[in-house]
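Below: one structure, written as structure tokens.
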Amino acid sequence: MASAPAQQPTLTVEQTRVVLSEVIQAFSVPDNAARMEEARESACNDMGKMLQLVLPVATQIQQEVIKSYGFNNEGEGVLKFARLVKMYETQDPEIAAMSAKLKSLLLPPLSTPPIGGAIPAS
């Protein structure tokens with residue numbers, strides 16, 4: 001007989017701010033920062049390689065923080081936490097700002113096309 005699925009943790013806006021802040025701080029821990037830098041260097045700004053190399057490291061770092069708040073210690077926990085943050089982003093500007101900061105830690109900077117590099121209209 002299959003066991004019942006684990007209940008998704010519910011956090012208040014304030015609790016979500018605390019957890020999000022701890023997640024962001026976790027990326028500053030020297031060991032974690034070194035792991036992320038190594039993964040980024042190996043990926044060479046290639047989006048496919050970023051997904052293969054950087055995303056798993058980032059997921060592990062987040063899992064270490066959120067597991068103590070009731071999220072499971074697998075990728076699913078990170079996804080559930082991300083959904084919770086997304087839900088609160090529209091309600092709380094502080095969460096929206098922290099979420100943007102977290103995204104900037106995970107994603108490579110987007111290169112902008114050169115000025116005048118637009119495709120001409122026909």
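Residue names in the structure tokens use chain letters A, B, ... in the order shown, residue numbers from 1 in each chain, and ligand numbers from 1 in the order shown.
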Which neighbours of Ala82 (chain A) fall inside 12 Å, counting only C-alpha atoms, when residues of the same chain fewer than 2 positions from it are skipped, and could you give them as a PyMOL selection string? chain A and resi 16+19-20+23+59+62-63+66+71+75-80+84-89+95-96+98-100+102-103
Would you save the residues from that selection as a PDB file, in the first residue's frame, using N, CA and C atoms?
ATOM      1  N   THR A  16       8.182  33.182   4.904  1.00  0.00           N
ATOM      2  CA  THR A  16       8.759  33.057   3.563  1.00  0.00           C
ATOM      3  C   THR A  16       9.904  34.044   3.392  1.00  0.00           C
ATOM      4  N   VAL A  19      12.941  32.521   5.238  1.00  0.00           N
ATOM      5  CA  VAL A  19      13.532  31.390   4.517  1.00  0.00           C
ATOM      6  C   VAL A  19      14.250  31.885   3.263  1.00  0.00           C
ATOM      7  N   LEU A  20      13.620  32.785   2.530  1.00  0.00           N
ATOM      8  CA  LEU A  20      14.224  33.315   1.316  1.00  0.00           C
ATOM      9  C   LEU A  20      15.534  34.035   1.631  1.00  0.00           C
ATOM     10  N   VAL A  23      18.127  31.414   2.266  1.00  0.00           N
ATOM     11  CA  VAL A  23      18.553  30.788   1.007  1.00  0.00           C
ATOM     12  C   VAL A  23      19.573  31.687   0.308  1.00  0.00           C
ATOM     13  N   THR A  59      20.232  23.913  -6.653  1.00  0.00           N
ATOM     14  CA  THR A  59      19.147  23.159  -6.016  1.00  0.00           C
ATOM     15  C   THR A  59      19.618  22.556  -4.698  1.00  0.00           C
ATOM     16  N   GLN A  62      19.849  25.254  -2.012  1.00  0.00           N
ATOM     17  CA  GLN A  62      18.523  25.626  -1.523  1.00  0.00           C
ATOM     18  C   GLN A  62      17.927  24.531  -0.647  1.00  0.00           C
ATOM     19  N   GLN A  63      18.108  23.277  -1.050  1.00  0.00           N
ATOM     20  CA  GLN A  63      17.559  22.153  -0.290  1.00  0.00           C
ATOM     21  C   GLN A  63      18.093  22.127   1.133  1.00  0.00           C
ATOM     22  N   ILE A  66      15.945  24.824   2.997  1.00  0.00           N
ATOM     23  CA  ILE A  66      14.489  24.678   3.102  1.00  0.00           C
ATOM     24  C   ILE A  66      14.047  23.382   3.764  1.00  0.00           C
ATOM     25  N   PHE A  71      10.141  21.289   3.871  1.00  0.00           N
ATOM     26  CA  PHE A  71      10.142  20.921   2.457  1.00  0.00           C
ATOM     27  C   PHE A  71      10.991  19.666   2.293  1.00  0.00           C
ATOM     28  N   GLY A  75      14.381  17.594  -5.317  1.00  0.00           N
ATOM     29  CA  GLY A  75      14.074  18.717  -6.199  1.00  0.00           C
ATOM     30  C   GLY A  75      12.650  19.214  -6.057  1.00  0.00           C
ATOM     31  N   GLU A  76      11.742  18.315  -5.714  1.00  0.00           N
ATOM     32  CA  GLU A  76      10.335  18.677  -5.554  1.00  0.00           C
ATOM     33  C   GLU A  76      10.153  19.734  -4.464  1.00  0.00           C
ATOM     34  N   GLY A  77      10.922  19.641  -3.401  1.00  0.00           N
ATOM     35  CA  GLY A  77      10.839  20.620  -2.319  1.00  0.00           C
ATOM     36  C   GLY A  77      11.212  22.011  -2.789  1.00  0.00           C
ATOM     37  N   VAL A  78      12.251  22.096  -3.622  1.00  0.00           N
ATOM     38  CA  VAL A  78      12.678  23.382  -4.158  1.00  0.00           C
ATOM     39  C   VAL A  78      11.586  23.951  -5.065  1.00  0.00           C
ATOM     40  N   LEU A  79      10.969  23.092  -5.869  1.00  0.00           N
ATOM     41  CA  LEU A  79       9.891  23.557  -6.748  1.00  0.00           C
ATOM     42  C   LEU A  79       8.702  24.069  -5.944  1.00  0.00           C
ATOM     43  N   LYS A  80       8.343  23.357  -4.888  1.00  0.00           N
ATOM     44  CA  LYS A  80       7.225  23.796  -4.043  1.00  0.00           C
ATOM     45  C   LYS A  80       7.549  25.130  -3.368  1.00  0.00           C
ATOM     46  N   LEU A  84       5.638  28.782  -3.832  1.00  0.00           N
ATOM     47  CA  LEU A  84       5.192  29.566  -2.692  1.00  0.00           C
ATOM     48  C   LEU A  84       5.720  30.999  -2.796  1.00  0.00           C
ATOM     49  N   VAL A  85       7.004  31.129  -3.132  1.00  0.00           N
ATOM     50  CA  VAL A  85       7.611  32.455  -3.294  1.00  0.00           C
ATOM     51  C   VAL A  85       6.897  33.201  -4.415  1.00  0.00           C
ATOM     52  N   LYS A  86       6.654  32.531  -5.532  1.00  0.00           N
ATOM     53  CA  LYS A  86       5.978  33.154  -6.673  1.00  0.00           C
ATOM     54  C   LYS A  86       4.599  33.680  -6.263  1.00  0.00           C
ATOM     55  N   MET A  87       3.894  32.906  -5.451  1.00  0.00           N
ATOM     56  CA  MET A  87       2.570  33.309  -5.000  1.00  0.00           C
ATOM     57  C   MET A  87       2.642  34.599  -4.163  1.00  0.00           C
ATOM     58  N   TYR A  88       3.660  34.690  -3.302  1.00  0.00           N
ATOM     59  CA  TYR A  88       3.793  35.849  -2.422  1.00  0.00           C
ATOM     60  C   TYR A  88       4.437  37.058  -3.107  1.00  0.00           C
ATOM     61  N   GLU A  89       5.105  36.859  -4.241  1.00  0.00           N
ATOM     62  CA  GLU A  89       5.774  37.966  -4.936  1.00  0.00           C
ATOM     63  C   GLU A  89       4.818  39.107  -5.243  1.00  0.00           C
ATOM     64  N   ILE A  95       9.507  40.317  -0.724  1.00  0.00           N
ATOM     65  CA  ILE A  95       9.681  38.972  -1.278  1.00  0.00           C
ATOM     66  C   ILE A  95       9.988  39.070  -2.767  1.00  0.00           C
ATOM     67  N   ALA A  96       9.316  39.969  -3.474  1.00  0.00           N
ATOM     68  CA  ALA A  96       9.579  40.150  -4.905  1.00  0.00           C
ATOM     69  C   ALA A  96      11.036  40.546  -5.142  1.00  0.00           C
ATOM     70  N   MET A  98      13.638  40.023  -3.075  1.00  0.00           N
ATOM     71  CA  MET A  98      14.527  38.906  -2.723  1.00  0.00           C
ATOM     72  C   MET A  98      14.474  37.818  -3.782  1.00  0.00           C
ATOM     73  N   SER A  99      13.310  37.583  -4.348  1.00  0.00           N
ATOM     74  CA  SER A  99      13.169  36.585  -5.400  1.00  0.00           C
ATOM     75  C   SER A  99      13.990  36.983  -6.623  1.00  0.00           C
ATOM     76  N   ALA A 100      13.940  38.262  -6.981  1.00  0.00           N
ATOM     77  CA  ALA A 100      14.737  38.763  -8.109  1.00  0.00           C
ATOM     78  C   ALA A 100      16.227  38.591  -7.825  1.00  0.00           C
ATOM     79  N   LEU A 102      17.599  36.304  -5.860  1.00  0.00           N
ATOM     80  CA  LEU A 102      17.896  34.880  -5.957  1.00  0.00           C
ATOM     81  C   LEU A 102      18.018  34.463  -7.420  1.00  0.00           C
ATOM     82  N   LYS A 103      17.111  34.918  -8.258  1.00  0.00           N
ATOM     83  CA  LYS A 103      17.179  34.591  -9.689  1.00  0.00           C
ATOM     84  C   LYS A 103      18.479  35.082 -10.296  1.00  0.00           C
TER      85      LYS A 103
END
Just the residues within 12 Å of Ala33 (chain A), please, counting only C-alpha atoms, with nothing from its chain fewer than 3 positions along; format it as an MDAnalysis selection string. chainID A and resid 24:30 36:40 54 57:58 61 105:106
Gap from CA of Asn32 (chain A) to CA of Ser104 (chain A) - Å, one decimal: 15.5 Å
Hey, which of A:Arg17, A:Pro9, A:Gly48, A:Val65 ends up closest to Gln91 (chain A)? Count only C-alpha atoms. A:Arg17
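Going from CA of Glu22 (chain A) over to CA of Asn73 (chain A), you cover 16.1 Å.
Proximity to Thr10 (chain A) was assessed for A:Lys67, A:Asn45, A:Pro93, A:Phe81 counting only C-alpha atoms; the smallest distance is recorded for A:Phe81.
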For CA of Pro56 (chain A) and CA of Ser68 (chain A), the interatomic separation in Å (one decimal): 19.2 Å
Residue list (helix (DSSP H, G or I), DSSP) for chain A, as a short mmCIF file (atom, residue, chain, number, x, y, z; two decimals) with N, CA, C and O atoms, in the first residue's frame:
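See out37.cif below for the written result:
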data_model
loop_
_atom_site.label_atom_id
_atom_site.label_comp_id
_atom_site.auth_asym_id
_atom_site.auth_seq_id
_atom_site.Cartn_x
_atom_site.Cartn_y
_atom_site.Cartn_z
N VAL A 13 3.75 34.93 4.97
CA VAL A 13 4.59 35.87 4.23
C VAL A 13 5.88 36.14 5.01
O VAL A 13 6.98 36.10 4.46
N GLU A 14 5.74 36.37 6.32
CA GLU A 14 6.92 36.65 7.15
C GLU A 14 7.89 35.47 7.17
O GLU A 14 9.10 35.65 7.04
N GLN A 15 7.37 34.26 7.33
CA GLN A 15 8.22 33.07 7.33
C GLN A 15 8.91 32.90 5.98
O GLN A 15 10.08 32.52 5.91
N THR A 16 8.18 33.18 4.90
CA THR A 16 8.76 33.06 3.56
C THR A 16 9.90 34.04 3.39
O THR A 16 10.94 33.70 2.81
N ARG A 17 9.74 35.27 3.93
CA ARG A 17 10.84 36.25 3.88
C ARG A 17 12.09 35.71 4.58
O ARG A 17 13.20 35.84 4.07
N VAL A 18 11.89 35.10 5.76
CA VAL A 18 13.01 34.57 6.54
C VAL A 18 13.72 33.46 5.77
O VAL A 18 14.94 33.46 5.64
N VAL A 19 12.94 32.52 5.24
CA VAL A 19 13.53 31.39 4.52
C VAL A 19 14.25 31.88 3.26
O VAL A 19 15.37 31.47 2.97
N LEU A 20 13.62 32.78 2.53
CA LEU A 20 14.22 33.32 1.32
C LEU A 20 15.53 34.03 1.63
O LEU A 20 16.53 33.88 0.92
N SER A 21 15.54 34.78 2.72
CA SER A 21 16.75 35.46 3.15
C SER A 21 17.86 34.45 3.48
O SER A 21 19.02 34.63 3.09
N GLU A 22 17.50 33.37 4.16
CA GLU A 22 18.48 32.33 4.50
C GLU A 22 19.00 31.63 3.24
O GLU A 22 20.19 31.30 3.16
N VAL A 23 18.13 31.41 2.27
CA VAL A 23 18.55 30.79 1.01
C VAL A 23 19.57 31.69 0.31
O VAL A 23 20.63 31.22 -0.13
N ILE A 24 19.27 32.99 0.22
CA ILE A 24 20.19 33.92 -0.42
C ILE A 24 21.52 33.95 0.31
O ILE A 24 22.59 33.93 -0.30
N GLN A 25 21.47 33.97 1.65
CA GLN A 25 22.71 33.97 2.44
C GLN A 25 23.52 32.69 2.21
O GLN A 25 24.75 32.72 2.22
N ALA A 26 22.83 31.58 2.00
CA ALA A 26 23.52 30.30 1.78
C ALA A 26 24.41 30.35 0.55
O ALA A 26 25.45 29.69 0.50
N PRO A 30 31.25 30.61 1.77
CA PRO A 30 32.39 30.38 0.88
C PRO A 30 32.37 29.04 0.12
O PRO A 30 32.64 29.03 -1.09
N ASP A 31 32.05 27.94 0.79
CA ASP A 31 32.02 26.66 0.09
C ASP A 31 30.97 26.65 -1.02
O ASP A 31 31.22 26.16 -2.12
N ASN A 32 29.79 27.20 -0.72
CA ASN A 32 28.72 27.23 -1.72
C ASN A 32 29.07 28.18 -2.87
O ASN A 32 28.81 27.87 -4.04
N ALA A 33 29.63 29.32 -2.54
CA ALA A 33 30.02 30.28 -3.57
C ALA A 33 31.06 29.66 -4.50
O ALA A 33 30.99 29.83 -5.73
N ALA A 34 32.00 28.91 -3.93
CA ALA A 34 33.02 28.25 -4.74
C ALA A 34 32.41 27.17 -5.64
O ALA A 34 32.78 27.05 -6.81
N ARG A 35 31.46 26.41 -5.10
CA ARG A 35 30.78 25.38 -5.90
C ARG A 35 30.03 26.01 -7.07
O ARG A 35 30.07 25.51 -8.20
N MET A 36 29.34 27.12 -6.80
CA MET A 36 28.59 27.80 -7.87
C MET A 36 29.54 28.37 -8.92
O MET A 36 29.29 28.26 -10.12
N GLU A 37 30.62 28.97 -8.48
CA GLU A 37 31.58 29.55 -9.41
C GLU A 37 32.20 28.47 -10.30
O GLU A 37 32.33 28.65 -11.51
N GLU A 38 32.55 27.35 -9.70
CA GLU A 38 33.11 26.24 -10.47
C GLU A 38 32.11 25.73 -11.51
O GLU A 38 32.46 25.50 -12.66
N ALA A 39 30.85 25.61 -11.11
CA ALA A 39 29.81 25.14 -12.04
C ALA A 39 29.61 26.15 -13.17
O ALA A 39 29.49 25.78 -14.33
N ARG A 40 29.60 27.45 -12.82
CA ARG A 40 29.42 28.49 -13.85
C ARG A 40 30.58 28.48 -14.84
O ARG A 40 30.37 28.62 -16.04
N GLU A 41 31.80 28.36 -14.31
CA GLU A 41 32.97 28.34 -15.21
C GLU A 41 32.91 27.14 -16.14
O GLU A 41 33.24 27.24 -17.32
N SER A 42 32.49 26.00 -15.63
CA SER A 42 32.39 24.79 -16.45
C SER A 42 31.30 24.94 -17.52
O SER A 42 31.41 24.38 -18.60
N ALA A 43 30.27 25.71 -17.20
CA ALA A 43 29.15 25.89 -18.13
C ALA A 43 29.46 26.89 -19.25
O ALA A 43 28.83 26.85 -20.30
N MET A 47 23.58 27.95 -22.03
CA MET A 47 22.36 27.72 -21.25
C MET A 47 22.11 26.24 -21.02
O MET A 47 21.69 25.84 -19.93
N GLY A 48 22.38 25.41 -21.99
CA GLY A 48 22.20 23.97 -21.80
C GLY A 48 23.10 23.43 -20.70
O GLY A 48 22.67 22.66 -19.84
N LYS A 49 24.37 23.88 -20.72
CA LYS A 49 25.31 23.44 -19.69
C LYS A 49 24.96 24.05 -18.33
O LYS A 49 25.20 23.44 -17.31
N MET A 50 24.39 25.26 -18.35
CA MET A 50 23.96 25.87 -17.09
C MET A 50 22.91 24.98 -16.42
O MET A 50 22.97 24.75 -15.22
N LEU A 51 21.98 24.49 -17.23
CA LEU A 51 20.94 23.61 -16.69
C LEU A 51 21.53 22.31 -16.16
O LEU A 51 21.07 21.77 -15.16
N GLN A 52 22.54 21.80 -16.82
CA GLN A 52 23.16 20.53 -16.41
C GLN A 52 24.10 20.69 -15.22
O GLN A 52 24.21 19.78 -14.40
N LEU A 53 24.80 21.81 -15.15
CA LEU A 53 25.86 21.95 -14.14
C LEU A 53 25.51 22.90 -12.99
O LEU A 53 25.77 22.59 -11.83
N VAL A 54 24.95 24.06 -13.30
CA VAL A 54 24.70 25.08 -12.28
C VAL A 54 23.40 24.78 -11.51
O VAL A 54 23.38 24.87 -10.28
N LEU A 55 22.35 24.43 -12.24
CA LEU A 55 21.07 24.21 -11.59
C LEU A 55 21.11 23.13 -10.50
O LEU A 55 20.59 23.35 -9.41
N PRO A 56 21.76 21.99 -10.73
CA PRO A 56 21.83 21.00 -9.65
C PRO A 56 22.55 21.50 -8.39
O PRO A 56 22.12 21.21 -7.28
N VAL A 57 23.61 22.27 -8.57
CA VAL A 57 24.34 22.82 -7.41
C VAL A 57 23.45 23.81 -6.68
O VAL A 57 23.33 23.78 -5.45
N ALA A 58 22.78 24.69 -7.43
CA ALA A 58 21.88 25.67 -6.82
C ALA A 58 20.74 24.98 -6.07
O ALA A 58 20.36 25.40 -4.98
N THR A 59 20.23 23.91 -6.65
CA THR A 59 19.15 23.16 -6.02
C THR A 59 19.62 22.56 -4.70
O THR A 59 18.91 22.63 -3.69
N GLN A 60 20.81 21.99 -4.69
CA GLN A 60 21.36 21.39 -3.46
C GLN A 60 21.52 22.44 -2.37
O GLN A 60 21.20 22.19 -1.20
N ILE A 61 22.01 23.62 -2.74
CA ILE A 61 22.21 24.68 -1.76
C ILE A 61 20.86 25.10 -1.15
O ILE A 61 20.73 25.24 0.07
N GLN A 62 19.85 25.25 -2.01
CA GLN A 62 18.52 25.63 -1.52
C GLN A 62 17.93 24.53 -0.65
O GLN A 62 17.31 24.81 0.38
N GLN A 63 18.11 23.28 -1.05
CA GLN A 63 17.56 22.15 -0.29
C GLN A 63 18.09 22.13 1.13
O GLN A 63 17.35 21.83 2.07
N GLU A 64 19.36 22.42 1.29
CA GLU A 64 19.97 22.41 2.62
C GLU A 64 19.26 23.39 3.56
O GLU A 64 19.14 23.13 4.74
N VAL A 65 18.80 24.51 3.02
CA VAL A 65 18.12 25.51 3.85
C VAL A 65 16.66 25.13 4.07
O VAL A 65 16.17 25.11 5.20
N ILE A 66 15.95 24.82 3.00
CA ILE A 66 14.49 24.68 3.10
C ILE A 66 14.05 23.38 3.76
O ILE A 66 12.92 23.31 4.25
N LYS A 67 14.93 22.39 3.83
CA LYS A 67 14.52 21.13 4.45
C LYS A 67 14.18 21.32 5.93
O LYS A 67 13.31 20.64 6.46
N SER A 68 14.81 22.28 6.58
CA SER A 68 14.52 22.51 8.00
C SER A 68 13.18 23.23 8.20
O SER A 68 12.74 23.41 9.32
N TYR A 69 12.54 23.62 7.09
CA TYR A 69 11.22 24.25 7.16
C TYR A 69 10.12 23.33 6.65
O TYR A 69 9.01 23.78 6.37
N GLY A 75 14.38 17.59 -5.32
CA GLY A 75 14.07 18.72 -6.20
C GLY A 75 12.65 19.21 -6.06
O GLY A 75 12.37 20.40 -6.22
N GLU A 76 11.74 18.32 -5.71
CA GLU A 76 10.33 18.68 -5.55
C GLU A 76 10.15 19.73 -4.46
O GLU A 76 9.33 20.64 -4.59
N GLY A 77 10.92 19.64 -3.40
CA GLY A 77 10.84 20.62 -2.32
C GLY A 77 11.21 22.01 -2.79
O GLY A 77 10.56 23.00 -2.44
N VAL A 78 12.25 22.10 -3.62
CA VAL A 78 12.68 23.38 -4.16
C VAL A 78 11.59 23.95 -5.06
O VAL A 78 11.29 25.14 -5.03
N LEU A 79 10.97 23.09 -5.87
CA LEU A 79 9.89 23.56 -6.75
C LEU A 79 8.70 24.07 -5.94
O LEU A 79 8.12 25.10 -6.28
N LYS A 80 8.34 23.36 -4.89
CA LYS A 80 7.22 23.80 -4.04
C LYS A 80 7.55 25.13 -3.37
O LYS A 80 6.69 26.01 -3.27
N PHE A 81 8.79 25.28 -2.90
CA PHE A 81 9.19 26.54 -2.29
C PHE A 81 9.14 27.66 -3.34
O PHE A 81 8.65 28.76 -3.05
N ALA A 82 9.61 27.39 -4.54
CA ALA A 82 9.59 28.39 -5.61
C ALA A 82 8.15 28.82 -5.93
O ALA A 82 7.89 30.01 -6.14
N ARG A 83 7.22 27.87 -5.93
CA ARG A 83 5.81 28.20 -6.18
C ARG A 83 5.26 29.09 -5.07
O ARG A 83 4.50 30.02 -5.32
N LEU A 84 5.64 28.78 -3.83
CA LEU A 84 5.19 29.57 -2.69
C LEU A 84 5.72 31.00 -2.80
O LEU A 84 4.98 31.97 -2.61
N VAL A 85 7.00 31.13 -3.13
CA VAL A 85 7.61 32.46 -3.29
C VAL A 85 6.90 33.20 -4.41
O VAL A 85 6.55 34.38 -4.26
N LYS A 86 6.65 32.53 -5.53
CA LYS A 86 5.98 33.15 -6.67
C LYS A 86 4.60 33.68 -6.26
O LYS A 86 4.20 34.78 -6.65
N MET A 87 3.89 32.91 -5.45
CA MET A 87 2.57 33.31 -5.00
C MET A 87 2.64 34.60 -4.16
O MET A 87 1.82 35.50 -4.31
N TYR A 88 3.66 34.69 -3.30
CA TYR A 88 3.79 35.85 -2.42
C TYR A 88 4.44 37.06 -3.11
O TYR A 88 4.35 38.18 -2.60
N GLU A 89 5.10 36.86 -4.24
CA GLU A 89 5.77 37.97 -4.94
C GLU A 89 4.82 39.11 -5.24
O GLU A 89 5.19 40.27 -5.15
N PRO A 93 6.35 43.30 -1.70
CA PRO A 93 7.48 43.82 -2.48
C PRO A 93 8.84 43.33 -1.98
O PRO A 93 9.78 43.17 -2.77
N GLU A 94 8.96 43.07 -0.69
CA GLU A 94 10.24 42.57 -0.15
C GLU A 94 10.53 41.17 -0.68
O GLU A 94 11.66 40.86 -1.07
N ILE A 95 9.51 40.32 -0.72
CA ILE A 95 9.68 38.97 -1.28
C ILE A 95 9.99 39.07 -2.77
O ILE A 95 10.86 38.36 -3.27
N ALA A 96 9.32 39.97 -3.47
CA ALA A 96 9.58 40.15 -4.90
C ALA A 96 11.04 40.55 -5.14
O ALA A 96 11.70 40.01 -6.04
N ALA A 97 11.54 41.46 -4.32
CA ALA A 97 12.94 41.90 -4.46
C ALA A 97 13.92 40.77 -4.15
O ALA A 97 14.91 40.58 -4.86
N MET A 98 13.64 40.02 -3.07
CA MET A 98 14.53 38.91 -2.72
C MET A 98 14.47 37.82 -3.78
O MET A 98 15.50 37.20 -4.10
N SER A 99 13.31 37.58 -4.35
CA SER A 99 13.17 36.58 -5.40
C SER A 99 13.99 36.98 -6.62
O SER A 99 14.68 36.15 -7.23
N ALA A 100 13.94 38.26 -6.98
CA ALA A 100 14.74 38.76 -8.11
C ALA A 100 16.23 38.59 -7.83
O ALA A 100 17.00 38.21 -8.72
N LYS A 101 16.63 38.84 -6.59
CA LYS A 101 18.04 38.68 -6.22
C LYS A 101 18.46 37.21 -6.33
O LYS A 101 19.53 36.90 -6.86
N LEU A 102 17.60 36.30 -5.86
CA LEU A 102 17.90 34.88 -5.96
C LEU A 102 18.02 34.46 -7.42
O LEU A 102 18.96 33.75 -7.79
N LYS A 103 17.11 34.92 -8.26
CA LYS A 103 17.18 34.59 -9.69
C LYS A 103 18.48 35.08 -10.30
O LYS A 103 19.08 34.40 -11.12
N SER A 104 18.93 36.27 -9.87
CA SER A 104 20.18 36.81 -10.42
C SER A 104 21.39 35.97 -9.99
O SER A 104 22.40 35.92 -10.69
N LEU A 105 21.27 35.29 -8.84
CA LEU A 105 22.35 34.41 -8.40
C LEU A 105 22.37 33.11 -9.22
O LEU A 105 23.42 32.48 -9.35
N LEU A 106 21.21 32.72 -9.74
CA LEU A 106 21.09 31.44 -10.43
C LEU A 106 21.31 31.54 -11.92
O LEU A 106 21.85 30.62 -12.53
#
